[in-house]
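The next block is query_19.pdb, given as PDB, C-alpha atoms.
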ATOM      1  CA  GLY P  30     -65.488 -31.464 -63.363  1.00  0.00           C
ATOM      2  CA  ASN P  31     -63.713 -28.166 -62.883  1.00  0.00           C
ATOM      3  CA  SER P  32     -60.226 -27.774 -64.308  1.00  0.00           C
ATOM      4  CA  VAL P  33     -57.542 -25.150 -64.847  1.00  0.00           C
ATOM      5  CA  THR P  34     -54.834 -24.744 -67.474  1.00  0.00           C
ATOM      6  CA  GLN P  35     -51.941 -22.332 -67.203  1.00  0.00           C
ATOM      7  CA  MET P  36     -49.096 -21.530 -69.530  1.00  0.00           C
ATOM      8  CA  GLU P  37     -45.898 -23.475 -69.221  1.00  0.00           C
ATOM      9  CA  GLY P  38     -42.744 -21.753 -68.152  1.00  0.00           C
ATOM     10  CA  PRO P  39     -40.244 -20.663 -67.549  1.00  0.00           C
ATOM     11  CA  VAL P  40     -41.093 -17.077 -68.309  1.00  0.00           C
ATOM     12  CA  THR P  41     -37.888 -15.065 -68.481  1.00  0.00           C
ATOM     13  CA  LEU P  42     -38.023 -11.277 -68.281  1.00  0.00           C
ATOM     14  CA  SER P  43     -35.785  -8.322 -67.646  1.00  0.00           C
ATOM     15  CA  GLU P  44     -36.506  -6.101 -64.670  1.00  0.00           C
ATOM     16  CA  GLU P  45     -39.299  -3.550 -65.328  1.00  0.00           C
ATOM     17  CA  ALA P  46     -40.795  -5.624 -68.155  1.00  0.00           C
ATOM     18  CA  PHE P  47     -44.524  -6.309 -68.410  1.00  0.00           C
ATOM     19  CA  LEU P  48     -45.697  -9.708 -67.216  1.00  0.00           C
ATOM     20  CA  THR P  49     -48.608 -11.854 -68.339  1.00  0.00           C
ATOM     21  CA  ILE P  50     -49.144 -15.429 -67.181  1.00  0.00           C
ATOM     22  CA  ASN P  51     -52.147 -17.022 -68.833  1.00  0.00           C
ATOM     23  CA  CYS P  52     -54.728 -19.087 -66.962  1.00  0.00           C
ATOM     24  CA  THR P  53     -57.955 -20.506 -68.364  1.00  0.00           C
ATOM     25  CA  TYR P  54     -60.533 -22.571 -66.543  1.00  0.00           C
ATOM     26  CA  THR P  55     -63.479 -24.876 -67.022  1.00  0.00           C
ATOM     27  CA  ALA P  56     -66.089 -24.747 -64.300  1.00  0.00           C
ATOM     28  CA  THR P  57     -69.676 -25.306 -63.347  1.00  0.00           C
ATOM     29  CA  GLY P  58     -71.079 -21.977 -62.276  1.00  0.00           C
ATOM     30  CA  TYR P  59     -68.793 -19.148 -61.212  1.00  0.00           C
ATOM     31  CA  PRO P  60     -66.428 -20.342 -58.507  1.00  0.00           C
ATOM     32  CA  SER P  61     -63.804 -18.169 -56.844  1.00  0.00           C
ATOM     33  CA  LEU P  62     -60.462 -18.011 -58.657  1.00  0.00           C
ATOM     34  CA  PHE P  63     -57.032 -17.718 -57.081  1.00  0.00           C
ATOM     35  CA  TRP P  64     -53.404 -16.988 -57.863  1.00  0.00           C
ATOM     36  CA  TYR P  65     -50.812 -18.370 -55.461  1.00  0.00           C
ATOM     37  CA  VAL P  66     -47.078 -17.648 -55.433  1.00  0.00           C
ATOM     38  CA  GLN P  67     -44.292 -19.922 -54.218  1.00  0.00           C
ATOM     39  CA  TYR P  68     -40.857 -18.459 -53.520  1.00  0.00           C
ATOM     40  CA  PRO P  69     -37.884 -20.851 -53.567  1.00  0.00           C
ATOM     41  CA  GLY P  70     -37.948 -23.330 -50.701  1.00  0.00           C
ATOM     42  CA  GLU P  71     -41.190 -22.008 -49.243  1.00  0.00           C
ATOM     43  CA  GLY P  72     -44.863 -22.895 -49.107  1.00  0.00           C
ATOM     44  CA  LEU P  73     -47.529 -21.284 -51.267  1.00  0.00           C
ATOM     45  CA  GLN P  74     -48.921 -17.860 -50.425  1.00  0.00           C
ATOM     46  CA  LEU P  75     -52.184 -16.471 -51.674  1.00  0.00           C
ATOM     47  CA  LEU P  76     -51.328 -13.632 -54.065  1.00  0.00           C
ATOM     48  CA  LEU P  77     -54.818 -12.528 -55.074  1.00  0.00           C
ATOM     49  CA  LYS P  78     -58.324 -13.786 -55.627  1.00  0.00           C
ATOM     50  CA  ALA P  79     -61.599 -12.926 -57.317  1.00  0.00           C
ATOM     51  CA  THR P  80     -64.872 -14.245 -56.001  1.00  0.00           C
ATOM     52  CA  LYS P  81     -67.245 -13.454 -58.863  1.00  0.00           C
ATOM     53  CA  ALA P  82     -67.305 -12.708 -62.565  1.00  0.00           C
ATOM     54  CA  ASP P  83     -65.799  -9.358 -63.631  1.00  0.00           C
ATOM     55  CA  ASP P  84     -64.051  -8.950 -60.271  1.00  0.00           C
ATOM     56  CA  LYS P  85     -60.450  -7.791 -60.348  1.00  0.00           C
ATOM     57  CA  GLY P  86     -58.090  -9.144 -57.725  1.00  0.00           C
ATOM     58  CA  SER P  87     -54.934  -7.171 -56.984  1.00  0.00           C
ATOM     59  CA  ASN P  88     -51.970  -7.310 -54.627  1.00  0.00           C
ATOM     60  CA  LYS P  89     -48.317  -6.164 -54.683  1.00  0.00           C
ATOM     61  CA  GLY P  90     -48.759  -4.672 -58.152  1.00  0.00           C
ATOM     62  CA  PHE P  91     -50.196  -7.889 -59.591  1.00  0.00           C
ATOM     63  CA  GLU P  92     -53.698  -7.962 -61.064  1.00  0.00           C
ATOM     64  CA  ALA P  93     -56.060 -10.550 -62.526  1.00  0.00           C
ATOM     65  CA  THR P  94     -59.598 -10.094 -63.836  1.00  0.00           C
ATOM     66  CA  TYR P  95     -62.237 -12.830 -63.671  1.00  0.00           C
ATOM     67  CA  ARG P  96     -63.507 -12.981 -67.262  1.00  0.00           C
ATOM     68  CA  LYS P  97     -66.421 -15.334 -67.767  1.00  0.00           C
ATOM     69  CA  GLU P  98     -66.667 -14.620 -71.509  1.00  0.00           C
ATOM     70  CA  THR P  99     -63.217 -16.035 -72.153  1.00  0.00           C
ATOM     71  CA  THR P 100     -63.084 -18.255 -69.019  1.00  0.00           C
ATOM     72  CA  SER P 101     -59.760 -16.688 -68.145  1.00  0.00           C
ATOM     73  CA  PHE P 102     -57.964 -15.266 -65.124  1.00  0.00           C
ATOM     74  CA  HIS P 103     -54.647 -14.037 -66.514  1.00  0.00           C
ATOM     75  CA  LEU P 104     -52.068 -12.659 -64.083  1.00  0.00           C
ATOM     76  CA  GLU P 105     -50.440  -9.335 -65.016  1.00  0.00           C
ATOM     77  CA  LYS P 106     -47.908  -6.924 -63.602  1.00  0.00           C
ATOM     78  CA  GLY P 107     -46.789  -3.753 -65.240  1.00  0.00           C
ATOM     79  CA  SER P 108     -43.170  -3.743 -64.079  1.00  0.00           C
ATOM     80  CA  VAL P 109     -41.588  -6.856 -62.621  1.00  0.00           C
ATOM     81  CA  GLN P 110     -38.721  -6.904 -60.139  1.00  0.00           C
ATOM     82  CA  VAL P 111     -36.038  -9.481 -59.477  1.00  0.00           C
ATOM     83  CA  SER P 112     -37.828 -10.239 -56.203  1.00  0.00           C
ATOM     84  CA  ASP P 113     -40.889 -11.420 -58.186  1.00  0.00           C
ATOM     85  CA  SER P 114     -38.951 -14.472 -59.341  1.00  0.00           C
ATOM     86  CA  ALA P 115     -41.033 -17.405 -58.134  1.00  0.00           C
ATOM     87  CA  VAL P 116     -43.501 -20.054 -59.282  1.00  0.00           C
ATOM     88  CA  TYR P 117     -47.089 -18.895 -59.807  1.00  0.00           C
ATOM     89  CA  PHE P 118     -50.108 -21.202 -59.531  1.00  0.00           C
ATOM     90  CA  CYS P 119     -53.629 -20.578 -60.764  1.00  0.00           C
ATOM     91  CA  ALA P 120     -56.364 -22.411 -58.802  1.00  0.00           C
ATOM     92  CA  LEU P 121     -60.113 -22.894 -58.440  1.00  0.00           C
ATOM     93  CA  PRO P 122     -62.285 -25.111 -56.225  1.00  0.00           C
ATOM     94  CA  ASP P 123     -63.838 -28.355 -57.353  1.00  0.00           C
ATOM     95  CA  ASN P 124     -67.315 -29.383 -56.241  1.00  0.00           C
ATOM     96  CA  THR P 125     -66.134 -30.105 -52.693  1.00  0.00           C
ATOM     97  CA  ASP P 126     -63.735 -28.178 -50.472  1.00  0.00           C
ATOM     98  CA  LYS P 127     -60.657 -29.011 -52.496  1.00  0.00           C
ATOM     99  CA  LEU P 128     -58.700 -26.629 -54.694  1.00  0.00           C
ATOM    100  CA  ILE P 129     -57.551 -27.621 -58.151  1.00  0.00           C
ATOM    101  CA  PHE P 130     -54.121 -26.163 -58.928  1.00  0.00           C
ATOM    102  CA  GLY P 131     -52.547 -25.534 -62.275  1.00  0.00           C
ATOM    103  CA  THR P 132     -49.127 -26.983 -62.981  1.00  0.00           C
ATOM    104  CA  GLY P 133     -47.363 -23.755 -62.057  1.00  0.00           C
ATOM    105  CA  THR P 134     -45.417 -21.225 -64.129  1.00  0.00           C
ATOM    106  CA  ARG P 135     -41.879 -20.337 -63.155  1.00  0.00           C
ATOM    107  CA  LEU P 136     -40.989 -16.650 -63.549  1.00  0.00           C
ATOM    108  CA  GLN P 137     -37.347 -15.614 -63.730  1.00  0.00           C
ATOM    109  CA  VAL P 138     -36.561 -11.910 -63.664  1.00  0.00           C
ATOM    110  CA  PHE P 139     -33.050 -10.721 -64.451  1.00  0.00           C
ATOM    111  CA  PRO P 140     -31.574  -7.318 -63.579  1.00  0.00           C
TER     112      PRO P 140
ATOM    113  CA  ASP N  11     -50.033 -14.638 -35.175  1.00  0.00           C
ATOM    114  CA  GLY N  12     -52.361 -17.149 -36.755  1.00  0.00           C
ATOM    115  CA  GLY N  13     -50.917 -19.597 -39.190  1.00  0.00           C
ATOM    116  CA  ILE N  14     -49.745 -23.087 -40.039  1.00  0.00           C
ATOM    117  CA  THR N  15     -46.554 -24.594 -38.739  1.00  0.00           C
ATOM    118  CA  GLN N  16     -44.767 -27.594 -40.151  1.00  0.00           C
ATOM    119  CA  SER N  17     -41.837 -29.252 -38.508  1.00  0.00           C
ATOM    120  CA  PRO N  18     -39.119 -29.997 -39.109  1.00  0.00           C
ATOM    121  CA  LYS N  19     -38.131 -27.979 -42.197  1.00  0.00           C
ATOM    122  CA  TYR N  20     -35.652 -30.659 -43.283  1.00  0.00           C
ATOM    123  CA  LEU N  21     -35.909 -34.351 -42.467  1.00  0.00           C
ATOM    124  CA  PHE N  22     -33.555 -37.177 -43.322  1.00  0.00           C
ATOM    125  CA  ARG N  23     -34.392 -40.864 -43.001  1.00  0.00           C
ATOM    126  CA  LYS N  24     -33.027 -44.204 -44.030  1.00  0.00           C
ATOM    127  CA  GLU N  25     -34.978 -46.333 -46.443  1.00  0.00           C
ATOM    128  CA  GLY N  26     -37.374 -48.700 -44.708  1.00  0.00           C
ATOM    129  CA  GLN N  27     -38.180 -46.365 -41.816  1.00  0.00           C
ATOM    130  CA  ASN N  28     -41.545 -44.765 -41.237  1.00  0.00           C
ATOM    131  CA  VAL N  29     -41.448 -41.021 -40.619  1.00  0.00           C
ATOM    132  CA  THR N  30     -44.118 -38.621 -39.356  1.00  0.00           C
ATOM    133  CA  LEU N  31     -44.410 -35.022 -40.513  1.00  0.00           C
ATOM    134  CA  SER N  32     -46.084 -32.544 -38.221  1.00  0.00           C
ATOM    135  CA  CYS N  33     -48.705 -29.958 -39.218  1.00  0.00           C
ATOM    136  CA  GLU N  34     -50.416 -27.633 -36.736  1.00  0.00           C
ATOM    137  CA  GLN N  35     -52.777 -24.718 -37.379  1.00  0.00           C
ATOM    138  CA  ASN N  36     -54.270 -22.090 -35.071  1.00  0.00           C
ATOM    139  CA  LEU N  37     -56.633 -20.586 -37.641  1.00  0.00           C
ATOM    140  CA  ASN N  38     -59.633 -22.540 -36.333  1.00  0.00           C
ATOM    141  CA  HIS N  39     -60.047 -24.071 -39.779  1.00  0.00           C
ATOM    142  CA  ASP N  40     -62.094 -27.229 -40.191  1.00  0.00           C
ATOM    143  CA  ALA N  41     -60.360 -28.590 -43.277  1.00  0.00           C
ATOM    144  CA  MET N  42     -56.714 -29.635 -43.615  1.00  0.00           C
ATOM    145  CA  TYR N  43     -54.730 -31.015 -46.543  1.00  0.00           C
ATOM    146  CA  TRP N  44     -51.432 -32.676 -47.373  1.00  0.00           C
ATOM    147  CA  TYR N  45     -49.722 -32.167 -50.729  1.00  0.00           C
ATOM    148  CA  ARG N  46     -46.587 -33.555 -52.257  1.00  0.00           C
ATOM    149  CA  GLN N  47     -44.412 -31.479 -54.588  1.00  0.00           C
ATOM    150  CA  ASP N  48     -41.559 -32.914 -56.634  1.00  0.00           C
ATOM    151  CA  PRO N  49     -38.851 -30.721 -58.237  1.00  0.00           C
ATOM    152  CA  GLY N  50     -40.283 -28.596 -61.000  1.00  0.00           C
ATOM    153  CA  GLN N  51     -43.719 -30.113 -60.520  1.00  0.00           C
ATOM    154  CA  GLY N  52     -47.097 -28.939 -59.347  1.00  0.00           C
ATOM    155  CA  LEU N  53     -48.972 -30.055 -56.249  1.00  0.00           C
ATOM    156  CA  ARG N  54     -50.456 -33.505 -55.790  1.00  0.00           C
ATOM    157  CA  LEU N  55     -53.035 -34.128 -53.063  1.00  0.00           C
ATOM    158  CA  ILE N  56     -52.205 -36.968 -50.668  1.00  0.00           C
ATOM    159  CA  TYR N  57     -54.958 -36.808 -48.022  1.00  0.00           C
ATOM    160  CA  TYR N  58     -57.466 -34.298 -46.763  1.00  0.00           C
ATOM    161  CA  SER N  59     -59.738 -33.943 -43.775  1.00  0.00           C
ATOM    162  CA  GLN N  60     -62.856 -31.819 -43.546  1.00  0.00           C
ATOM    163  CA  ILE N  61     -63.650 -32.564 -39.921  1.00  0.00           C
ATOM    164  CA  VAL N  62     -62.063 -34.100 -36.857  1.00  0.00           C
ATOM    165  CA  ASN N  63     -61.852 -37.908 -36.883  1.00  0.00           C
ATOM    166  CA  ASP N  64     -62.545 -38.085 -40.608  1.00  0.00           C
ATOM    167  CA  PHE N  65     -60.257 -37.972 -43.645  1.00  0.00           C
ATOM    168  CA  GLN N  66     -60.262 -38.960 -47.306  1.00  0.00           C
ATOM    169  CA  LYS N  67     -57.651 -40.177 -49.743  1.00  0.00           C
ATOM    170  CA  GLY N  68     -56.421 -37.792 -52.356  1.00  0.00           C
ATOM    171  CA  ASP N  69     -54.826 -38.626 -55.683  1.00  0.00           C
ATOM    172  CA  ILE N  70     -51.662 -40.299 -54.355  1.00  0.00           C
ATOM    173  CA  ALA N  71     -52.502 -41.788 -50.931  1.00  0.00           C
ATOM    174  CA  GLU N  72     -50.662 -45.093 -51.355  1.00  0.00           C
ATOM    175  CA  GLY N  73     -47.791 -45.436 -48.882  1.00  0.00           C
ATOM    176  CA  TYR N  74     -49.065 -42.619 -46.644  1.00  0.00           C
ATOM    177  CA  SER N  75     -51.312 -42.473 -43.579  1.00  0.00           C
ATOM    178  CA  VAL N  76     -52.855 -39.633 -41.571  1.00  0.00           C
ATOM    179  CA  SER N  77     -54.841 -39.006 -38.419  1.00  0.00           C
ATOM    180  CA  ARG N  78     -57.087 -36.153 -37.333  1.00  0.00           C
ATOM    181  CA  GLU N  79     -57.657 -36.489 -33.619  1.00  0.00           C
ATOM    182  CA  LYS N  80     -57.646 -32.746 -32.975  1.00  0.00           C
ATOM    183  CA  LYS N  81     -58.889 -29.860 -35.077  1.00  0.00           C
ATOM    184  CA  GLU N  82     -55.492 -28.166 -34.901  1.00  0.00           C
ATOM    185  CA  SER N  83     -53.344 -31.115 -35.936  1.00  0.00           C
ATOM    186  CA  PHE N  84     -53.064 -33.294 -39.054  1.00  0.00           C
ATOM    187  CA  PRO N  85     -49.861 -35.383 -38.985  1.00  0.00           C
ATOM    188  CA  LEU N  86     -48.739 -37.318 -42.049  1.00  0.00           C
ATOM    189  CA  THR N  87     -46.839 -40.598 -41.804  1.00  0.00           C
ATOM    190  CA  VAL N  88     -44.724 -41.629 -44.751  1.00  0.00           C
ATOM    191  CA  THR N  89     -44.477 -45.395 -44.498  1.00  0.00           C
ATOM    192  CA  SER N  90     -41.835 -47.734 -45.835  1.00  0.00           C
ATOM    193  CA  ALA N  91     -44.382 -48.781 -48.470  1.00  0.00           C
ATOM    194  CA  GLN N  92     -44.026 -45.422 -50.231  1.00  0.00           C
ATOM    195  CA  LYS N  93     -41.695 -46.256 -53.112  1.00  0.00           C
ATOM    196  CA  ASN N  94     -40.283 -42.809 -53.732  1.00  0.00           C
ATOM    197  CA  PRO N  95     -40.739 -40.712 -50.582  1.00  0.00           C
ATOM    198  CA  THR N  96     -38.115 -38.020 -51.204  1.00  0.00           C
ATOM    199  CA  ALA N  97     -40.096 -34.833 -51.898  1.00  0.00           C
ATOM    200  CA  PHE N  98     -41.273 -31.499 -50.517  1.00  0.00           C
ATOM    201  CA  TYR N  99     -44.417 -31.910 -48.397  1.00  0.00           C
ATOM    202  CA  LEU N 100     -46.893 -29.074 -47.910  1.00  0.00           C
ATOM    203  CA  CYS N 101     -49.723 -28.851 -45.414  1.00  0.00           C
ATOM    204  CA  ALA N 102     -52.666 -26.482 -45.861  1.00  0.00           C
ATOM    205  CA  SER N 103     -55.928 -25.577 -44.156  1.00  0.00           C
ATOM    206  CA  SER N 104     -59.165 -23.809 -45.053  1.00  0.00           C
ATOM    207  CA  ARG N 105     -62.603 -22.945 -43.790  1.00  0.00           C
ATOM    208  CA  THR N 106     -65.442 -25.106 -45.009  1.00  0.00           C
ATOM    209  CA  SER N 107     -68.176 -22.495 -44.732  1.00  0.00           C
ATOM    210  CA  GLY N 108     -68.824 -19.922 -47.404  1.00  0.00           C
ATOM    211  CA  ASN N 109     -67.701 -20.358 -50.987  1.00  0.00           C
ATOM    212  CA  SER N 110     -64.208 -18.938 -50.957  1.00  0.00           C
ATOM    213  CA  TYR N 111     -62.268 -22.195 -50.354  1.00  0.00           C
ATOM    214  CA  GLU N 112     -59.057 -20.218 -49.920  1.00  0.00           C
ATOM    215  CA  GLN N 113     -56.269 -22.421 -48.559  1.00  0.00           C
ATOM    216  CA  TYR N 114     -53.470 -21.312 -46.269  1.00  0.00           C
ATOM    217  CA  PHE N 115     -50.159 -23.131 -46.531  1.00  0.00           C
ATOM    218  CA  GLY N 116     -47.393 -24.004 -44.135  1.00  0.00           C
ATOM    219  CA  PRO N 117     -43.700 -23.506 -44.982  1.00  0.00           C
ATOM    220  CA  GLY N 118     -43.237 -27.153 -45.976  1.00  0.00           C
ATOM    221  CA  THR N 119     -41.014 -30.069 -44.943  1.00  0.00           C
ATOM    222  CA  ARG N 120     -38.338 -31.351 -47.270  1.00  0.00           C
ATOM    223  CA  LEU N 121     -37.945 -35.101 -46.743  1.00  0.00           C
ATOM    224  CA  THR N 122     -34.896 -36.947 -48.017  1.00  0.00           C
ATOM    225  CA  VAL N 123     -34.785 -40.730 -47.810  1.00  0.00           C
ATOM    226  CA  THR N 124     -31.551 -42.532 -48.618  1.00  0.00           C
TER     227      THR N 124
END
What is this structure when it is put down as structure tokens?
Amino acid sequence: GNSVTQMEGPVTLSEEAFLTINCTYTATGYPSLFWYVQYPGEGLQLLLKATKADDKGSNKGFEATYRKETTSFHLEKGSVQVSDSAVYFCALPDNTDKLIFGTGTRLQVFP
Amino acid sequence: DGGITQSPKYLFRKEGQNVTLSCEQNLNHDAMYWYRQDPGQGLRLIYYSQIVNDFQKGDIAEGYSVSREKKESFPLTVTSAQKNPTAFYLCASSRTSGNSYEQYFGPGTRLTVT
């Protein structure tokens, strides 16, 4: 079945550094791909998505490109802020209506 | 505003008591989900429902029960049979048409059982 693997954290960066959080997937066909963000003590929020191969999802300065050649959907941001400190989850649907989530990557940004 | 509400945000119970967590959505979504999250961990699916009056077990359903009598509501009961109930519980909903499968999450309920 479909699966997703994302890099373990924590990722620790200084403010204004470049961010990459790796996510690779295994899937039948080309399902939609998602990045969710969870701020401390809160639920998950959809950060961005891509619905087909070669699509680029973007939001709040974050970007991720759906790459079928490398089966990847890496999350990037050119200049992180302290307020970006959170846990980031990569996700894709299985063969029903359920989402499969990665284990989450904690990002810590220091001033 | 459309969204998902979970109440209460914090819940404290004594061991041996059943407790029910509320989840309501006004997004007109057909599907609803319950997840459990432990400190530093990812999400684990407890139960999900794709239509009113029907629900399926997820990966860790033992010690939990749900009902889906209304489209808007999907309460979760944590029973005394759940061996380690202290956790952060998240409810979510999604459409079942189309192929996006995007889920919308509530703010969560933190349950502490002592």
Compile the residues of chain N that lie within 9 Å of chain P, evaluated using only C-alpha atoms, and express the compilation as a PyMOL selection string. chain N and resi 41+43+50-54+58+60+98+100-101+104-106+109-118+120
Kindly export the residues of the current selection with C-alpha atoms, as an mmCIF file, keeping the file's coordinate frame.
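Okay, out22.cif is ready:
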data_model
loop_
_atom_site.group_PDB
_atom_site.id
_atom_site.type_symbol
_atom_site.label_atom_id
_atom_site.label_comp_id
_atom_site.auth_asym_id
_atom_site.auth_seq_id
_atom_site.Cartn_x
_atom_site.Cartn_y
_atom_site.Cartn_z
ATOM 1 C CA ALA N 41 -60.360 -28.590 -43.277
ATOM 2 C CA TYR N 43 -54.730 -31.015 -46.543
ATOM 3 C CA GLY N 50 -40.283 -28.596 -61.000
ATOM 4 C CA GLN N 51 -43.719 -30.113 -60.520
ATOM 5 C CA GLY N 52 -47.097 -28.939 -59.347
ATOM 6 C CA LEU N 53 -48.972 -30.055 -56.249
ATOM 7 C CA ARG N 54 -50.456 -33.505 -55.790
ATOM 8 C CA TYR N 58 -57.466 -34.298 -46.763
ATOM 9 C CA GLN N 60 -62.856 -31.819 -43.546
ATOM 10 C CA PHE N 98 -41.273 -31.499 -50.517
ATOM 11 C CA LEU N 100 -46.893 -29.074 -47.910
ATOM 12 C CA CYS N 101 -49.723 -28.851 -45.414
ATOM 13 C CA SER N 104 -59.165 -23.809 -45.053
ATOM 14 C CA ARG N 105 -62.603 -22.945 -43.790
ATOM 15 C CA THR N 106 -65.442 -25.106 -45.009
ATOM 16 C CA ASN N 109 -67.701 -20.358 -50.987
ATOM 17 C CA SER N 110 -64.208 -18.938 -50.957
ATOM 18 C CA TYR N 111 -62.268 -22.195 -50.354
ATOM 19 C CA GLU N 112 -59.057 -20.218 -49.920
ATOM 20 C CA GLN N 113 -56.269 -22.421 -48.559
ATOM 21 C CA TYR N 114 -53.470 -21.312 -46.269
ATOM 22 C CA PHE N 115 -50.159 -23.131 -46.531
ATOM 23 C CA GLY N 116 -47.393 -24.004 -44.135
ATOM 24 C CA PRO N 117 -43.700 -23.506 -44.982
ATOM 25 C CA GLY N 118 -43.237 -27.153 -45.976
ATOM 26 C CA ARG N 120 -38.338 -31.351 -47.270
#
Axis-aligned box over every listed atom of stretch 30-49 of chain P, padded by 3 Å per side: centre and edges in Å to one decimal, as JSON?
{"center_x": -50.6, "center_y": -17.5, "center_z": -66.2, "size_x": 35.7, "size_y": 33.9, "size_z": 12.6}
Could you name the residues that touch P:Ile50 at 8 Å or less, counting only C-alpha atoms, but leaving out those on the same chain fewer than 2 positions away, as a ChimeraX atom specification? /P:35-36,48,52,103-105,134
8 Å contact set for N:Pro18, all atoms listed in the file, chain neighbours under 3 positions out, as a list in words: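 Answer for this query is Leu21, Leu31, Ser32 and Thr119 of chain N.
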Leaving out P:Ala115 and any residue of its chain fewer than 2 positions from it, which residues lie within 8 Å of it when counting all atoms listed in the file, given as a VMD selection string? chain P and resid 66 to 69 113 117 135 to 137
Could you tell me which residues the PyMOL selection byres ((chain N and resi 82-89) around 7) grabs in this file, written as a list in words?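 Going through the file, the PyMOL selection byres ((chain N and resi 82-89) around 7) ends up selecting Gln27, Asn28, Val29, Thr30, Leu31, Ser32, Cys33, Glu34, Gln35, Asn36, Met42, Gly73, Tyr74, Ser75, Val76, Ser77, Arg78, Lys80, Lys81, Ser90, Ala91 and Gln92 of chain N.
Going from atom CA of P:Asp84 to atom CA of P:Ser32 covers 19.6 Å.
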Work out how far atom CA of P:Leu76 is from atom CA of P:Ser101, in Å to one decimal. 16.7 Å
Convert the output of the PyMOL selection byres ((chain P and resi 93) around 6) on the shown file into explicit residues, formatted as a compact mmCIF listing (two decimals) with C-alpha atoms, keeping the file's coordinate frame.
# COMPACT_ATOMS: atom_id res chain seq x y z
CA LYS P 85 -60.45 -7.79 -60.35
CA GLY P 86 -58.09 -9.14 -57.72
CA GLU P 92 -53.70 -7.96 -61.06
CA THR P 94 -59.60 -10.09 -63.84
CA PHE P 102 -57.96 -15.27 -65.12
CA HIS P 103 -54.65 -14.04 -66.51
CA LEU P 104 -52.07 -12.66 -64.08
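Between atom CA of P:Asp83 and atom CA of P:Lys97 the interatomic distance comes to 7.3 Å.
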Nearby residues (only C-alpha atoms) at most 12 Å from P:Glu44, same-chain spacing under 5 positions excluded, as number ranges by chain: P: 106-114, 136-140
With C-alpha atoms retained, write the just-selected residues as a PDB file, in the coordinates of the input.
ATOM      1  CA  LYS P 106     -47.908  -6.924 -63.602  1.00  0.00           C
ATOM      2  CA  GLY P 107     -46.789  -3.753 -65.240  1.00  0.00           C
ATOM      3  CA  SER P 108     -43.170  -3.743 -64.079  1.00  0.00           C
ATOM      4  CA  VAL P 109     -41.588  -6.856 -62.621  1.00  0.00           C
ATOM      5  CA  GLN P 110     -38.721  -6.904 -60.139  1.00  0.00           C
ATOM      6  CA  VAL P 111     -36.038  -9.481 -59.477  1.00  0.00           C
ATOM      7  CA  SER P 112     -37.828 -10.239 -56.203  1.00  0.00           C
ATOM      8  CA  ASP P 113     -40.889 -11.420 -58.186  1.00  0.00           C
ATOM      9  CA  SER P 114     -38.951 -14.472 -59.341  1.00  0.00           C
ATOM     10  CA  LEU P 136     -40.989 -16.650 -63.549  1.00  0.00           C
ATOM     11  CA  GLN P 137     -37.347 -15.614 -63.730  1.00  0.00           C
ATOM     12  CA  VAL P 138     -36.561 -11.910 -63.664  1.00  0.00           C
ATOM     13  CA  PHE P 139     -33.050 -10.721 -64.451  1.00  0.00           C
ATOM     14  CA  PRO P 140     -31.574  -7.318 -63.579  1.00  0.00           C
TER      15      PRO P 140
END
